[in-house]
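**Q** Pasting a structure here, questions to come.
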Amino acid sequence: MSTRIVVAGTDTDIGKTIFSAALVQALDGYYWKPIQAGLAGETDSKTVARLSGLSALRILPEAYRLNAPASPHFAAERDGVEIDVLRLRPRDVPGPLVIELAGGLDVPLTRRLLQIDVIADWKLPVVLCSSTRLGTINHSLLSIEALKRRGVAILGIAFIGDEIPDTESIIPAFGGVRRLGRLPQIPELNSNTLRKAFAANFSVPDILGVGASGP
């Protein structure tokens with residue numbers, strides 16, 4: 001079976017789509033966003049296509065495209081649909097697959113189901129993306145605890161934003177996970193600058209090297 005990695009975030013709007021684009025580009029793989037909530041402007045799949053430089057055939061169609069930029073359960077209700085977990089089964093592709101989640105781990109997909117419970121059923125390893133902004137220590141440690149409680153393998157934590165050395169050391173130490181690297185702010189963001197920034201701050205073999213939640 002090809003490598004399949006889930007990219008999760010401690011919150012929404014922290015840069016995990018940019019990280020996903022960089023990771024799928026480095027893996028020369030496929031990208032899938034199961035649920036897109038919010039269709040105005042550039043969707044996450046379109047952003048990844050633009051920043052990764054990969055063929056459109058490598059960007060798998062979303063299982064759900066919901067109009068409202070809101071929690072998936074609410075956006076689905078607004079569109080008159082209910083999310084079916086059977087449609088969220090990870091796809092089989094002839095290469096590495098990067099799966100980007102919608103928002104944070106505990107967002108509801110329906111009135112009875114949280115996104116993190118679907119992740120646990122997938123039994124796939126997770127890269128947890130965390131910003132370095134204020135409040136990230138609490139959000140990150142709670143996210144790590146939630147994943148561990150459900151037995152989800154954590155490949156490590158990827159920071160996004162300005163360098164904050166103490167934050168970047170204390171979260172892995174308390175959480176018992178590996179620091180994979182930090183993707184800095186990129187002033188002129190495009191496929192080439194993203195590739196260089198990712199290569200300078202992350203190692204693909206290191207990301208793939210340990211599929212467990214130990215440090």
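Identifiers for the structure tokens are assigned positionally: chains receive A, B, ... in sequence, residues are indexed from 1 per chain, and ligands are indexed from 1 in the order shown.
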At most 12 Å is the cut-off: for each residue in region 58-87 of chain A with any atom that close to an atom of region 51-54 of chain A, write down the nearest atom pair and the distance in Å rounded to one decimal, counting only C-alpha atoms, chain first then increasing number, as JSON lines.
**A**
{"residue": "A:Arg58", "atom": "CA", "partner": "A:Leu54", "partner_atom": "CA", "distance": 6.4}
{"residue": "A:Ile59", "atom": "CA", "partner": "A:Leu54", "partner_atom": "CA", "distance": 7.9}
{"residue": "A:Leu60", "atom": "CA", "partner": "A:Leu54", "partner_atom": "CA", "distance": 11.5}
**Q** Could you pull out all residues of region 55-120 of chain A with a DSSP call of strand (DSSP E) and give them as a PyMOL selection string?
**A** chain A and resi 59-60+64-66+97-104
**Q** Write to file, as a CSV table (one decimal), in the first residue's frame, the residues of the selection just made, with N, CA, C and O atoms.
**A**
chain,number,residue,atom,x,y,z
A,59,ILE,N,-4.9,15.9,-8.2
A,59,ILE,CA,-5.8,16.6,-7.2
A,59,ILE,C,-7.1,15.9,-7.3
A,59,ILE,O,-7.9,16.1,-8.2
A,60,LEU,N,-7.4,15.0,-6.3
A,60,LEU,CA,-8.6,14.2,-6.3
A,60,LEU,C,-9.8,15.1,-6.0
A,60,LEU,O,-9.8,16.0,-5.2
A,64,TYR,N,-17.3,16.1,-0.7
A,64,TYR,CA,-18.3,17.1,-0.5
A,64,TYR,C,-17.8,18.5,-0.7
A,64,TYR,O,-16.7,18.8,-0.2
A,65,ARG,N,-18.6,19.2,-1.5
A,65,ARG,CA,-18.3,20.6,-1.8
A,65,ARG,C,-19.5,21.4,-1.2
A,65,ARG,O,-20.5,21.4,-1.8
A,66,LEU,N,-19.2,22.1,-0.1
A,66,LEU,CA,-20.3,22.8,0.7
A,66,LEU,C,-20.1,24.3,0.5
A,66,LEU,O,-19.0,24.8,0.6
A,97,LEU,N,-0.4,9.6,-0.9
A,97,LEU,CA,-1.6,10.4,-0.8
A,97,LEU,C,-1.6,11.3,0.4
A,97,LEU,O,-1.3,10.8,1.5
A,98,VAL,N,-1.8,12.6,0.2
A,98,VAL,CA,-1.9,13.5,1.3
A,98,VAL,C,-3.3,13.9,1.5
A,98,VAL,O,-4.0,14.4,0.5
A,99,ILE,N,-3.9,13.7,2.7
A,99,ILE,CA,-5.3,14.0,2.9
A,99,ILE,C,-5.4,15.2,3.9
A,99,ILE,O,-4.9,15.1,5.0
A,100,GLU,N,-5.9,16.3,3.4
A,100,GLU,CA,-6.1,17.4,4.3
A,100,GLU,C,-7.5,17.5,4.9
A,100,GLU,O,-8.5,17.5,4.2
A,101,LEU,N,-7.5,17.7,6.2
A,101,LEU,CA,-8.8,17.7,6.9
A,101,LEU,C,-9.4,19.1,6.8
A,101,LEU,O,-8.8,20.1,6.4
A,102,ALA,N,-10.7,19.2,7.2
A,102,ALA,CA,-11.4,20.5,7.2
A,102,ALA,C,-11.3,21.1,8.6
A,102,ALA,O,-11.9,20.5,9.6
A,103,GLY,N,-10.7,22.2,8.8
A,103,GLY,CA,-10.6,22.8,10.1
A,103,GLY,C,-9.9,22.0,11.2
A,103,GLY,O,-8.9,21.3,10.8
A,104,GLY,N,-10.3,22.1,12.4
A,104,GLY,CA,-9.6,21.4,13.5
A,104,GLY,C,-10.1,20.0,13.7
A,104,GLY,O,-11.0,19.5,13.0
**Q** Between CA of Ser55 (chain A) and CA of Gly15 (chain A), what is the distance, to one decimal in Å?
**A**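 A separation of 21.9 Å between them.
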**Q** Quick one: distance from CA of Ala68 (chain A) to CA of Pro34 (chain A) in Å, one decimal?
**A**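 Atom-to-atom, CA of Ala68 (chain A) and CA of Pro34 (chain A) are spaced 15.4 Å apart.
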**Q** Hey, what's within 12 Å of Gln36 (chain A) if we count only C-alpha atoms and toss same-chain stuff fewer than 3 positions away? As a ChimeraX atom specification, please?
**A** /A:17,32-33,39-40,42-46,61-73,75-76,83,100-103,109
